[in-house]
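Asks: Before I ask anything, here is the structure I am working with.
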Amino acid sequence: MIETVPPPRHCPAPCVDGGGAWDILQDRWDRRMRQAAAWLANEPAVVDIGCGHMGLREHLAPTTRYVPVDIVDRGPGTVLHDLNGPGPLPVFGEPAAALLGVVEYVEDVPRLLTSLRQFDRVVLSYNHASVQDLLWRLGLRDKRVLWLHRHGAMRFAAMVGRAGWQITCRHRVRIGEAIYDLRRTC
């Protein structure tokens, strides 16, 4: 019998199976957030687009101004925005943004990357679908993960460059997933 247990910290929904799968995901998300926070450590403010349960905030310096953005209200100060909606990304006036676990669910990635040019720096993660396809074929990945596009590492890097960004660092989170530190080009 599968029973629902209280969710671990930051879990988006009640967990089944005793929380083991969520523990693995939470560890991966925490490592990704710590890397992003390390890269953003000297930024006076960070706009966290697709903030979820705002876990990144816990890893940033207390002096960093944190601006949460999500499709649903996550509490006081949340800026509501649908990245797949018709409206443009609001203008924030902050130097840096983070998008962790978000880009895979955005329908128009070039439009997103262009709209992010209001920032000097963006740290984002991306799961490269070409690797995920292989894992699916081998039966090592569940197809219920519904990412909206399939960009391998080289194709994604080219898309980033065409949108006016330079990749200054790329860190492998796990097989198929990387986190990127982008700087706006002139």
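Each chain of the structure tokens is named A, B, ... in the order shown, its residues numbered from 1; ligands are numbered from 1 in display order.
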Go through stretch 83-113 of chain A and flag each residue having an atom no more than 10 Å from stretch 69-75 of chain A; for those, report the closest pair of atoms plus their distance in Å to one decimal, using only C-alpha atoms, ordered by chain and rising number, as a Markdown table.

Replies:
```
| residue | atom | partner | partner_atom | distance |
| --- | --- | --- | --- | --- |
| A:Leu83 | CA | A:Ile71 | CA | 7.7 |
| A:Asn84 | CA | A:Ile71 | CA | 9.5 |
| A:Gly85 | CA | A:Ile71 | CA | 9.7 |
| A:Pro90 | CA | A:Val69 | CA | 9.8 |
| A:Leu99 | CA | A:Val69 | CA | 9.8 |
```

Asks: Using only C-alpha atoms, what does the table of stretch 42-102 of chain A residues within 7 Å of stretch 107-131 of chain A look like, with each row giving the shortest atom pair and its distance in Å to one decimal, sorted by chain and ascending number, as CSV?

Replies:
```
residue,atom,partner,partner_atom,distance
A:Asn84,CA,A:Glu107,CA,6.1
A:Leu89,CA,A:Ser115,CA,6.4
A:Glu94,CA,A:Phe119,CA,6.6
A:Pro95,CA,A:Phe119,CA,5.1
A:Ala96,CA,A:Arg121,CA,4.8
A:Ala97,CA,A:Val122,CA,4.8
A:Ala98,CA,A:Val123,CA,4.8
A:Leu99,CA,A:Leu124,CA,4.6
A:Leu100,CA,A:Ser125,CA,5.0
A:Gly101,CA,A:Ser125,CA,6.0
```

Asks: Which of stretch 67-115 of chain A counts as strand (DSSP E) under DSSP, as a PyMOL selection string please?

Replies: chain A and resi 67-70+79-80+96-99

Asks: What is the distance, in Å and to one decimal place, between atom CA of A:Val91 and atom CA of A:Cys169?

Replies: 25.3 Å

Asks: Would you compute the distance between atom CA of A:Ala41 and atom CA of A:Met154? Give it in Å to one decimal.

Replies: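 Interatomic distance here is 27.6 Å.
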
Asks: Would you compute the distance between atom CA of A:Leu60 and atom CA of A:Trp29? Give it in Å to one decimal.

Replies: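 One can read the atom CA of A:Leu60 to atom CA of A:Trp29 distance as 14.6 Å.
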